[in-house]
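Trainee: Handing over target_38.pdb, PDB, C-alpha atoms.
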```pdb
MODEL        1
ATOM      1  CA  MET A   1     118.960 105.637 127.340
ATOM      2  CA  LYS A   2     118.180 103.840 130.594
ATOM      3  CA  LYS A   3     115.577 105.972 132.410
ATOM      4  CA  ILE A   4     113.403 108.068 130.131
ATOM      5  CA  LEU A   5     110.891 110.825 130.924
ATOM      6  CA  VAL A   6     108.356 111.520 128.162
ATOM      7  CA  THR A   7     106.481 114.831 128.331
ATOM      8  CA  GLY A   8     103.204 115.186 126.425
ATOM      9  CA  SER A   9     102.882 111.404 126.514
ATOM     10  CA  LEU A  10      99.126 111.385 125.877
ATOM     11  CA  GLY A  11      99.382 113.238 122.564
ATOM     12  CA  GLN A  12      99.508 111.756 119.071
ATOM     13  CA  ILE A  13     103.216 110.935 119.122
ATOM     14  CA  GLY A  14     103.665 110.493 122.864
ATOM     15  CA  SER A  15     100.948 107.898 123.353
ATOM     16  CA  GLU A  16     102.696 105.564 120.899
ATOM     17  CA  LEU A  17     106.304 106.504 121.590
ATOM     18  CA  ALA A  18     105.945 105.873 125.333
ATOM     19  CA  MET A  19     104.691 102.357 124.587
ATOM     20  CA  LYS A  20     107.492 101.651 122.099
ATOM     21  CA  LEU A  21     110.104 102.873 124.566
ATOM     22  CA  ARG A  22     108.627 100.622 127.259
ATOM     23  CA  GLN A  23     108.907  97.672 124.884
ATOM     24  CA  GLU A  24     112.522  98.594 124.102
ATOM     25  CA  TYR A  25     113.777  99.581 127.575
ATOM     26  CA  GLY A  26     111.316  98.044 130.052
ATOM     27  CA  SER A  27     107.997  99.392 131.293
ATOM     28  CA  MET A  28     109.374 100.681 134.604
ATOM     29  CA  ASN A  29     112.178 102.599 132.882
ATOM     30  CA  VAL A  30     109.889 104.943 130.930
ATOM     31  CA  ILE A  31     108.062 107.585 132.952
ATOM     32  CA  ALA A  32     105.126 108.943 130.968
ATOM     33  CA  SER A  33     103.828 112.403 131.873
ATOM     34  CA  ASP A  34     101.168 114.844 130.757
ATOM     35  CA  ILE A  35      99.204 117.732 132.161
ATOM     36  CA  ARG A  36      96.201 115.439 132.582
ATOM     37  CA  ARG A  37      95.514 111.782 133.319
ATOM     38  CA  LEU A  38      93.444 109.510 131.078
ATOM     39  CA  ASP A  39      92.399 105.898 131.456
ATOM     40  CA  ASN A  40      94.479 104.320 128.725
ATOM     41  CA  GLU A  41      97.387 101.965 128.124
ATOM     42  CA  THR A  42     100.048 104.665 128.414
ATOM     43  CA  VAL A  43      98.910 105.518 131.938
ATOM     44  CA  GLU A  44      98.302 101.968 133.057
ATOM     45  CA  SER A  45     101.322 100.122 131.621
ATOM     46  CA  GLY A  46     104.049 101.884 133.619
ATOM     47  CA  PRO A  47     104.907 104.928 135.746
ATOM     48  CA  PHE A  48     102.789 108.002 134.961
ATOM     49  CA  ILE A  49     103.079 111.501 136.430
ATOM     50  CA  GLU A  50     100.724 114.448 136.050
ATOM     51  CA  LEU A  51     103.245 117.119 135.113
ATOM     52  CA  ASP A  52     102.890 120.668 133.847
ATOM     53  CA  VAL A  53     106.091 121.278 131.889
ATOM     54  CA  MET A  54     105.735 124.994 132.586
ATOM     55  CA  ASP A  55     106.723 124.174 136.178
ATOM     56  CA  GLY A  56     110.494 123.892 135.862
ATOM     57  CA  SER A  57     111.143 123.005 139.494
ATOM     58  CA  LYS A  58     108.616 120.140 139.385
ATOM     59  CA  LEU A  59     110.237 118.881 136.194
ATOM     60  CA  VAL A  60     113.638 118.728 137.916
ATOM     61  CA  GLU A  61     112.050 117.106 140.974
ATOM     62  CA  VAL A  62     110.480 114.334 138.835
ATOM     63  CA  ALA A  63     113.716 113.757 136.911
ATOM     64  CA  LYS A  64     115.677 113.419 140.164
ATOM     65  CA  LYS A  65     113.077 111.173 141.808
ATOM     66  CA  TYR A  66     113.133 108.657 138.980
ATOM     67  CA  GLY A  67     116.847 108.914 138.161
ATOM     68  CA  VAL A  68     116.089 110.043 134.622
ATOM     69  CA  ASP A  69     118.944 110.228 132.103
ATOM     70  CA  THR A  70     116.873 111.217 129.030
ATOM     71  CA  ILE A  71     113.926 113.540 128.385
ATOM     72  CA  ILE A  72     111.766 113.090 125.291
ATOM     73  CA  HIS A  73     110.009 116.461 125.115
ATOM     74  CA  LEU A  74     106.748 116.250 123.155
ATOM     75  CA  ALA A  75     104.453 118.679 124.996
ATOM     76  CA  ALA A  76     103.455 121.422 122.540
ATOM     77  CA  LEU A  77     100.664 123.346 120.869
ATOM     78  CA  LEU A  78     100.561 122.268 117.216
ATOM     79  CA  SER A  79     100.483 124.293 113.999
ATOM     80  CA  ALA A  80      96.789 125.009 113.355
ATOM     81  CA  SER A  81      95.993 125.450 117.053
ATOM     82  CA  ALA A  82      99.004 127.722 117.484
ATOM     83  CA  GLU A  83      97.694 130.106 114.811
ATOM     84  CA  THR A  84      94.478 130.608 116.768
ATOM     85  CA  LYS A  85      96.391 131.106 120.055
ATOM     86  CA  PRO A  86      99.803 132.518 119.071
ATOM     87  CA  LEU A  87     100.773 133.967 122.462
ATOM     88  CA  GLN A  88      99.756 130.806 124.264
ATOM     89  CA  ALA A  89     101.738 128.806 121.709
ATOM     90  CA  TRP A  90     104.858 130.914 122.258
ATOM     91  CA  ASN A  91     104.589 130.700 126.039
ATOM     92  CA  LEU A  92     103.968 126.948 126.091
ATOM     93  CA  ASN A  93     106.267 125.812 123.304
ATOM     94  CA  MET A  94     109.222 127.994 124.210
ATOM     95  CA  GLY A  95     108.715 128.173 127.982
ATOM     96  CA  SER A  96     108.489 124.406 128.335
ATOM     97  CA  LEU A  97     111.548 123.919 126.125
ATOM     98  CA  ILE A  98     113.652 126.264 128.260
ATOM     99  CA  ASN A  99     112.554 124.322 131.351
ATOM    100  CA  VAL A 100     113.566 121.015 129.756
ATOM    101  CA  LEU A 101     116.926 122.354 128.589
ATOM    102  CA  GLU A 102     117.661 123.873 131.989
ATOM    103  CA  ALA A 103     116.799 120.580 133.699
ATOM    104  CA  ALA A 104     119.089 118.784 131.241
ATOM    105  CA  ARG A 105     121.900 121.272 131.906
ATOM    106  CA  GLU A 106     121.574 120.920 135.666
ATOM    107  CA  LEU A 107     121.248 117.119 135.723
ATOM    108  CA  ARG A 108     123.387 116.282 132.648
ATOM    109  CA  LEU A 109     120.529 114.664 130.737
ATOM    110  CA  LYS A 110     120.135 113.713 127.091
ATOM    111  CA  VAL A 111     117.216 115.444 125.307
ATOM    112  CA  PHE A 112     115.081 114.771 122.235
ATOM    113  CA  VAL A 113     113.047 117.723 120.907
ATOM    114  CA  PRO A 114     111.049 117.297 117.686
ATOM    115  CA  SER A 115     111.153 119.937 114.999
ATOM    116  CA  SER A 116     108.915 119.932 111.935
ATOM    117  CA  ILE A 117     108.501 120.765 108.268
ATOM    118  CA  GLY A 118     106.764 123.783 109.803
ATOM    119  CA  ALA A 119     110.244 125.208 110.408
ATOM    120  CA  PHE A 120     110.347 126.050 106.699
ATOM    121  CA  GLY A 121     108.503 128.852 104.913
ATOM    122  CA  SER A 122     107.465 130.042 101.473
ATOM    123  CA  ASP A 123     111.034 131.196 100.667
ATOM    124  CA  THR A 124     112.367 127.664 101.156
ATOM    125  CA  PRO A 125     112.893 125.470  98.062
ATOM    126  CA  LYS A 126     109.690 123.429  97.704
ATOM    127  CA  GLN A 127     111.143 120.299  96.092
ATOM    128  CA  GLN A 128     113.681 118.118  97.893
ATOM    129  CA  THR A 129     114.142 120.809 100.516
ATOM    130  CA  PRO A 130     117.826 120.692 101.549
ATOM    131  CA  GLN A 131     118.996 119.868 105.044
ATOM    132  CA  VAL A 132     120.530 123.336 105.322
ATOM    133  CA  THR A 133     118.495 126.074 103.637
ATOM    134  CA  ILE A 134     116.626 129.305 104.311
ATOM    135  CA  GLN A 135     114.102 129.062 107.158
ATOM    136  CA  ARG A 136     111.640 131.942 107.395
ATOM    137  CA  PRO A 137     108.323 130.414 108.522
ATOM    138  CA  SER A 138     105.191 132.545 108.528
ATOM    139  CA  THR A 139     103.449 130.760 111.418
ATOM    140  CA  MET A 140     103.921 130.963 115.178
ATOM    141  CA  TYR A 141     104.414 127.193 115.270
ATOM    142  CA  GLY A 142     107.155 127.442 112.645
ATOM    143  CA  ILE A 143     108.842 130.301 114.499
ATOM    144  CA  ASN A 144     108.773 128.161 117.650
ATOM    145  CA  LYS A 145     110.381 125.267 115.786
ATOM    146  CA  VAL A 146     113.202 127.347 114.297
ATOM    147  CA  ALA A 147     113.855 128.949 117.682
ATOM    148  CA  GLY A 148     113.765 125.495 119.264
ATOM    149  CA  GLU A 149     116.353 124.124 116.858
ATOM    150  CA  LEU A 150     118.630 127.074 117.616
ATOM    151  CA  LEU A 151     118.122 126.840 121.387
ATOM    152  CA  CYS A 152     119.001 123.155 121.370
ATOM    153  CA  ASP A 153     122.104 123.926 119.317
ATOM    154  CA  TYR A 154     122.991 126.652 121.824
ATOM    155  CA  TYR A 155     122.660 124.350 124.843
ATOM    156  CA  PHE A 156     124.805 121.741 123.100
ATOM    157  CA  HIS A 157     127.600 124.161 122.181
ATOM    158  CA  LYS A 158     127.407 126.322 125.322
ATOM    159  CA  TYR A 159     126.770 123.708 128.007
ATOM    160  CA  GLY A 160     127.470 120.347 126.373
ATOM    161  CA  VAL A 161     123.852 119.146 126.673
ATOM    162  CA  ASP A 162     123.323 116.157 124.380
ATOM    163  CA  THR A 163     120.365 117.512 122.401
ATOM    164  CA  ARG A 164     118.950 115.749 119.345
ATOM    165  CA  GLY A 165     115.938 116.176 117.063
ATOM    166  CA  VAL A 166     114.308 115.566 113.689
ATOM    167  CA  ARG A 167     112.065 117.618 111.450
ATOM    168  CA  PHE A 168     108.961 115.459 111.334
ATOM    169  CA  PRO A 169     106.727 115.557 108.272
ATOM    170  CA  GLY A 170     102.973 115.116 108.748
ATOM    171  CA  LEU A 171     102.440 112.009 110.880
ATOM    172  CA  VAL A 172      99.697 109.441 110.270
ATOM    173  CA  SER A 173      98.444 107.190 113.070
ATOM    174  CA  TYR A 174      95.368 105.189 114.054
ATOM    175  CA  VAL A 175      96.037 105.147 117.819
ATOM    176  CA  ALA A 176      95.521 108.706 119.091
ATOM    177  CA  PRO A 177      93.308 111.339 117.443
ATOM    178  CA  PRO A 178      95.006 114.249 115.660
ATOM    179  CA  GLY A 179      95.622 117.261 117.860
ATOM    180  CA  GLY A 180      95.321 120.455 115.865
ATOM    181  CA  GLY A 181      97.940 119.973 113.160
ATOM    182  CA  THR A 182      97.796 121.067 109.535
ATOM    183  CA  THR A 183      98.126 117.489 108.259
ATOM    184  CA  ASP A 184      95.259 116.140 110.399
ATOM    185  CA  TYR A 185      93.381 115.394 107.156
ATOM    186  CA  ALA A 186      95.838 112.569 106.433
ATOM    187  CA  VAL A 187      94.583 110.810 109.586
ATOM    188  CA  GLU A 188      90.901 111.779 109.441
ATOM    189  CA  ILE A 189      90.510 110.506 105.876
ATOM    190  CA  TYR A 190      91.120 106.894 106.922
ATOM    191  CA  PHE A 191      88.640 106.998 109.783
ATOM    192  CA  GLU A 192      85.955 108.604 107.629
ATOM    193  CA  ALA A 193      86.641 106.185 104.775
ATOM    194  CA  THR A 194      85.846 103.197 106.996
ATOM    195  CA  ARG A 195      82.946 104.906 108.790
ATOM    196  CA  LYS A 196      81.094 106.907 106.108
ATOM    197  CA  LYS A 197      82.973 106.093 102.881
ATOM    198  CA  ARG A 198      83.194 109.860 102.394
ATOM    199  CA  TYR A 199      85.511 112.613 103.569
ATOM    200  CA  THR A 200      85.467 116.403 103.255
ATOM    201  CA  CYS A 201      89.058 117.626 103.184
ATOM    202  CA  PHE A 202      90.092 121.042 104.507
ATOM    203  CA  VAL A 203      93.020 121.518 102.089
ATOM    204  CA  SER A 204      92.894 121.380  98.301
ATOM    205  CA  GLU A 205      93.209 118.175  96.303
ATOM    206  CA  ASN A 206      96.622 119.138  94.886
ATOM    207  CA  THR A 207      98.218 120.167  98.191
ATOM    208  CA  CYS A 208     101.406 118.108  98.251
ATOM    209  CA  LEU A 209     103.114 117.485 101.601
ATOM    210  CA  ASP A 210     105.565 115.039 103.098
ATOM    211  CA  LEU A 211     103.984 112.377 105.286
ATOM    212  CA  MET A 212     105.188 109.525 107.463
ATOM    213  CA  TYR A 213     103.475 106.560 109.080
ATOM    214  CA  MET A 214     103.895 106.589 112.842
ATOM    215  CA  PRO A 215     105.900 103.323 113.130
ATOM    216  CA  ASP A 216     108.644 104.920 111.024
ATOM    217  CA  ALA A 217     108.564 108.087 113.164
ATOM    218  CA  LEU A 218     108.933 106.080 116.376
ATOM    219  CA  LYS A 219     111.794 104.085 114.904
ATOM    220  CA  ALA A 220     113.514 107.320 113.898
ATOM    221  CA  VAL A 221     113.446 108.673 117.469
ATOM    222  CA  VAL A 222     115.004 105.523 118.915
ATOM    223  CA  GLN A 223     117.600 105.323 116.128
ATOM    224  CA  LEU A 224     118.672 108.929 116.533
ATOM    225  CA  MET A 225     118.874 108.761 120.322
ATOM    226  CA  GLU A 226     121.029 105.612 120.113
ATOM    227  CA  ALA A 227     123.253 106.963 117.326
ATOM    228  CA  ASP A 228     126.961 107.643 117.773
ATOM    229  CA  PRO A 229     127.110 111.322 118.846
ATOM    230  CA  GLY A 230     130.350 111.806 116.943
ATOM    231  CA  LYS A 231     128.556 111.187 113.646
ATOM    232  CA  LEU A 232     125.749 113.733 114.163
ATOM    233  CA  ARG A 233     126.399 116.755 111.968
ATOM    234  CA  PHE A 234     122.903 118.273 112.373
ATOM    235  CA  ARG A 235     121.950 117.292 115.900
ATOM    236  CA  ASN A 236     118.654 119.113 116.277
ATOM    237  CA  SER A 237     117.210 119.436 112.812
ATOM    238  CA  TYR A 238     117.507 116.267 110.726
ATOM    239  CA  ASN A 239     115.111 116.141 107.762
ATOM    240  CA  ILE A 240     113.288 112.797 107.653
ATOM    241  CA  THR A 241     110.559 111.688 105.276
ATOM    242  CA  ALA A 242     108.745 108.663 103.916
ATOM    243  CA  MET A 243     106.436 109.855 101.124
ATOM    244  CA  SER A 244     105.167 112.968  99.370
ATOM    245  CA  ALA A 245     101.444 112.888  98.597
ATOM    246  CA  THR A 246      98.332 114.978  97.986
ATOM    247  CA  PRO A 247      94.875 114.312  99.485
ATOM    248  CA  GLU A 248      93.855 113.049  96.044
ATOM    249  CA  ASP A 249      96.757 110.579  96.088
ATOM    250  CA  ILE A 250      95.604 109.243  99.449
ATOM    251  CA  ALA A 251      91.983 109.038  98.288
ATOM    252  CA  ASN A 252      92.958 107.098  95.161
ATOM    253  CA  GLU A 253      94.943 104.639  97.247
ATOM    254  CA  ILE A 254      91.980 104.182  99.614
ATOM    255  CA  LYS A 255      89.696 103.520  96.624
ATOM    256  CA  LYS A 256      91.785 100.439  95.801
ATOM    257  CA  HIS A 257      90.418  98.967  99.043
ATOM    258  CA  ILE A 258      87.074 100.833  99.302
ATOM    259  CA  PRO A 259      85.924 101.497  95.707
ATOM    260  CA  SER A 260      82.851 103.467  96.817
ATOM    261  CA  PHE A 261      84.909 105.992  98.808
ATOM    262  CA  GLU A 262      84.375 109.619  97.801
ATOM    263  CA  ILE A 263      86.252 112.783  98.722
ATOM    264  CA  ASP A 264      85.249 116.422  98.379
ATOM    265  CA  TYR A 265      86.824 119.653  99.542
ATOM    266  CA  LYS A 266      85.897 122.559 101.803
ATOM    267  CA  ILE A 267      89.017 124.664 102.176
ATOM    268  CA  ASP A 268      90.044 126.037 105.560
ATOM    269  CA  PRO A 269      91.948 129.216 104.591
ATOM    270  CA  VAL A 270      94.158 129.153 107.696
ATOM    271  CA  ARG A 271      95.353 125.576 107.299
ATOM    272  CA  GLN A 272      95.587 125.894 103.518
ATOM    273  CA  ALA A 273      97.882 128.905 103.899
ATOM    274  CA  ILE A 274     100.055 126.990 106.345
ATOM    275  CA  ALA A 275     100.256 123.973 104.037
ATOM    276  CA  ASP A 276     101.094 126.176 101.050
ATOM    277  CA  SER A 277     104.074 127.619 102.939
ATOM    278  CA  TRP A 278     105.560 124.180 103.616
ATOM    279  CA  PRO A 279     107.768 122.067 101.322
ATOM    280  CA  ASP A 280     106.351 119.489  98.923
ATOM    281  CA  SER A 281     109.207 117.087  99.651
ATOM    282  CA  LEU A 282     112.295 116.875 101.856
ATOM    283  CA  ASP A 283     115.846 115.696 101.236
ATOM    284  CA  ASP A 284     116.640 113.311 104.105
ATOM    285  CA  SER A 285     120.026 112.134 102.791
ATOM    286  CA  ALA A 286     121.834 113.525 105.868
ATOM    287  CA  ALA A 287     119.778 111.349 108.238
ATOM    288  CA  ARG A 288     120.352 108.349 106.007
ATOM    289  CA  LYS A 289     124.119 108.937 105.968
ATOM    290  CA  ASP A 290     124.694 109.964 109.591
ATOM    291  CA  TRP A 291     122.539 107.452 111.475
ATOM    292  CA  GLY A 292     121.072 105.034 108.937
ATOM    293  CA  PHE A 293     117.499 106.284 108.784
ATOM    294  CA  LYS A 294     115.241 104.668 106.197
ATOM    295  CA  ALA A 295     111.438 104.649 106.201
ATOM    296  CA  GLU A 296     109.734 101.295 105.661
ATOM    297  CA  PHE A 297     106.212 102.468 104.810
ATOM    298  CA  GLY A 298     105.248 104.178 101.553
ATOM    299  CA  LEU A 299     101.724 105.363 100.698
ATOM    300  CA  GLU A 300     100.577 101.923  99.541
ATOM    301  CA  GLU A 301     101.852 100.088 102.623
ATOM    302  CA  MET A 302     100.597 102.778 105.008
ATOM    303  CA  THR A 303      97.112 102.822 103.494
ATOM    304  CA  GLU A 304      96.708  99.068 103.653
ATOM    305  CA  ASP A 305      97.829  98.948 107.283
ATOM    306  CA  MET A 306      95.854 102.038 108.354
ATOM    307  CA  LEU A 307      92.573 100.740 106.925
ATOM    308  CA  GLU A 308      93.086  97.350 108.561
ATOM    309  CA  LYS A 309      93.940  98.879 111.955
ATOM    310  CA  VAL A 310      91.128 101.464 111.852
ATOM    311  CA  LYS A 311      88.556  98.797 111.007
ATOM    312  CA  LYS A 312      89.754  96.673 113.939
ATOM    313  CA  LYS A 313      89.636  99.682 116.244
ATOM    314  CA  ARG A 314      86.033 100.435 115.261
ATOM    315  CA  SER A 315      84.841  96.830 115.576
TER     316      SER A 315
ENDMDL
END
```
Can the structure in the file be given as structure tokens, please?
Mentor:
Amino acid sequence: MKKILVTGSLGQIGSELAMKLRQEYGSMNVIASDIRRLDNETVESGPFIELDVMDGSKLVEVAKKYGVDTIIHLAALLSASAETKPLQAWNLNMGSLINVLEAARELRLKVFVPSSIGAFGSDTPKQQTPQVTIQRPSTMYGINKVAGELLCDYYFHKYGVDTRGVRFPGLVSYVAPPGGGTTDYAVEIYFEATRKKRYTCFVSENTCLDLMYMPDALKAVVQLMEADPGKLRFRNSYNITAMSATPEDIANEIKKHIPSFEIDYKIDPVRQAIADSWPDSLDDSAARKDWGFKAEFGLEEMTEDMLEKVKKKRS
């Protein structure tokens, strides 16, 4: 990667990934883009373009102008939001992906497209979900992710486009607010713990899901995109994970630092149903073998760092 275009760069992943890529490859070599402009570090620390990824011709124009060789495609409507706006989710998530893949085909670009644990469904094995297994999601977001994995495979085999991707678990970060995902509780709980010492969770206390601290997710993207293409057996769908935890597990870890913290539950039926259809834990042995992935943060390390960073952010 030498010149990188990041779509959706003001979202939860994009706002941090754009900054990491600028640290790795130089601030002028990472072109951040989003449908809107905000006054923040991502916009101010390097090139930024207001770009609607539904405009395929503008996407190609921007890629040509900046001599882009890689697109990191993060613009999307996330799981919980997608269930309230399924047609909009299909049009945005799939339409923008086709535009990115067509731009990559025309200009011979490398592409990263994230998939998700949302690509699995209730028929999938819940424990240590295999790399290759049944995928029949019951959500529009999940359907988009499965279709996205297959489309990226198609463009690789049909046109030779160097497409790559991972199935992210729920991501936890203190930098950008959550954006309508089912695992938003795993971010909100830390902010509410430092602010009110209380949190009302929208999924049940025993809902077990895979999670990952954002620094590990960012590292995974860079590692995969720099990996030897000849070693990638599952280009667009690598399982990656760091920990498997329930809201109660997170709360108990927080209580080690904030003993007065309390958690209660008010279940959101939509997000609970989505969470119940997802795996409890993933088998990421393929990513470990093929390109050396290994998470550094477990629940204990993530909680300690999150609480410290959130407190600093609020001060």
Trainee: If the PyMOL selection byres ((chain A and resi 306) around 9) were run on this exact file, what residues would it hold? Put them as a list in words.
Mentor: Val172, Ser173, Tyr174, Val187, Tyr190, Phe191, Tyr213, Glu301, Met302, Thr303, Glu304, Asp305, Leu307, Glu308, Lys309, Val310 and Lys311 of chain A
Trainee: Rounded to one decimal in Å, what is the spacing between atom CA of Ala80 of chain A and atom CA of Arg195 of chain A?
Mentor: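 Computing it gives 24.8 Å between the two atoms.
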Trainee: Step by step, work through what the PyMOL selection byres ((chain A and resi 107-112) around 7) selects in the shown file, and finish by giving those residues as a list in words.
Mentor: Asp69, Thr70, Ile71, Ile72, His73, Ala103, Ala104, Arg105, Glu106, Val113, Pro114, Val161, Asp162, Thr163, Arg164 and Gly165 of chain A
Trainee: Which residue is closest to Pro177 of chain A? Choose from A:Lys64, A:Lys158, A:Ala18, A:Ile189 and count all atoms listed in the file.
Mentor: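 Closest to Pro177 of chain A of all the choices is A:Ile189.
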Trainee: Compare A:Ser122, A:Thr182, A:Asn40, A:Ser9 by their minimum atom-to-atom distance to Pro269 of chain A, counting only C-alpha atoms, and give me the closest one.
Mentor: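 Of A:Ser122, A:Thr182, A:Asn40, A:Ser9, the one nearest Pro269 of chain A, counting only C-alpha atoms, is A:Thr182.
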Trainee: Nearest to Tyr199 of chain A among A:Ser277, A:Thr84, A:Ser260, A:Ser15, with distances taken over only C-alpha atoms: which residue is it?
Mentor: A:Ser260
Trainee: Could you expand the PyMOL selection byres ((chain A and resi 254) around 9) into the explicit residues it covers here, written as a ChimeraX atom specification?
Mentor: /A:190,193,249-253,255-259,261,300,303-304,307
Trainee: Which neighbours of Leu77 of chain A fall inside 12 Å, counting only C-alpha atoms, when residues of the same chain fewer than 4 positions from it are skipped, and could you give them as a list in words?
Mentor: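 Using only C-alpha atoms, the neighbours found are Gly8, Gly11, Gln12, Ser81, Ala82, Glu83, Thr84, Lys85, Pro86, Leu87, Gln88, Ala89, Trp90, Asn91, Leu92, Asn93, Met94, Gly95, Ser96, Met140, Tyr141, Gly142, Asn144, Lys145, Pro178, Gly179, Gly180, Gly181 and Thr182 of chain A.
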Trainee: Do a neighbour search on Thr129 of chain A at 12 Å with only C-alpha atoms, toss out local chain neighbours closer than 2 positions, and write the hits as a ChimeraX atom specification.
Mentor: /A:117,119-127,131-135,167,169,209-210,238-241,244,278-286
Trainee: Between A:Leu38, A:Val203, A:Met214, A:Leu150, which is the closest to Ile274 of chain A once you count all atoms listed in the file?
Mentor: A:Val203
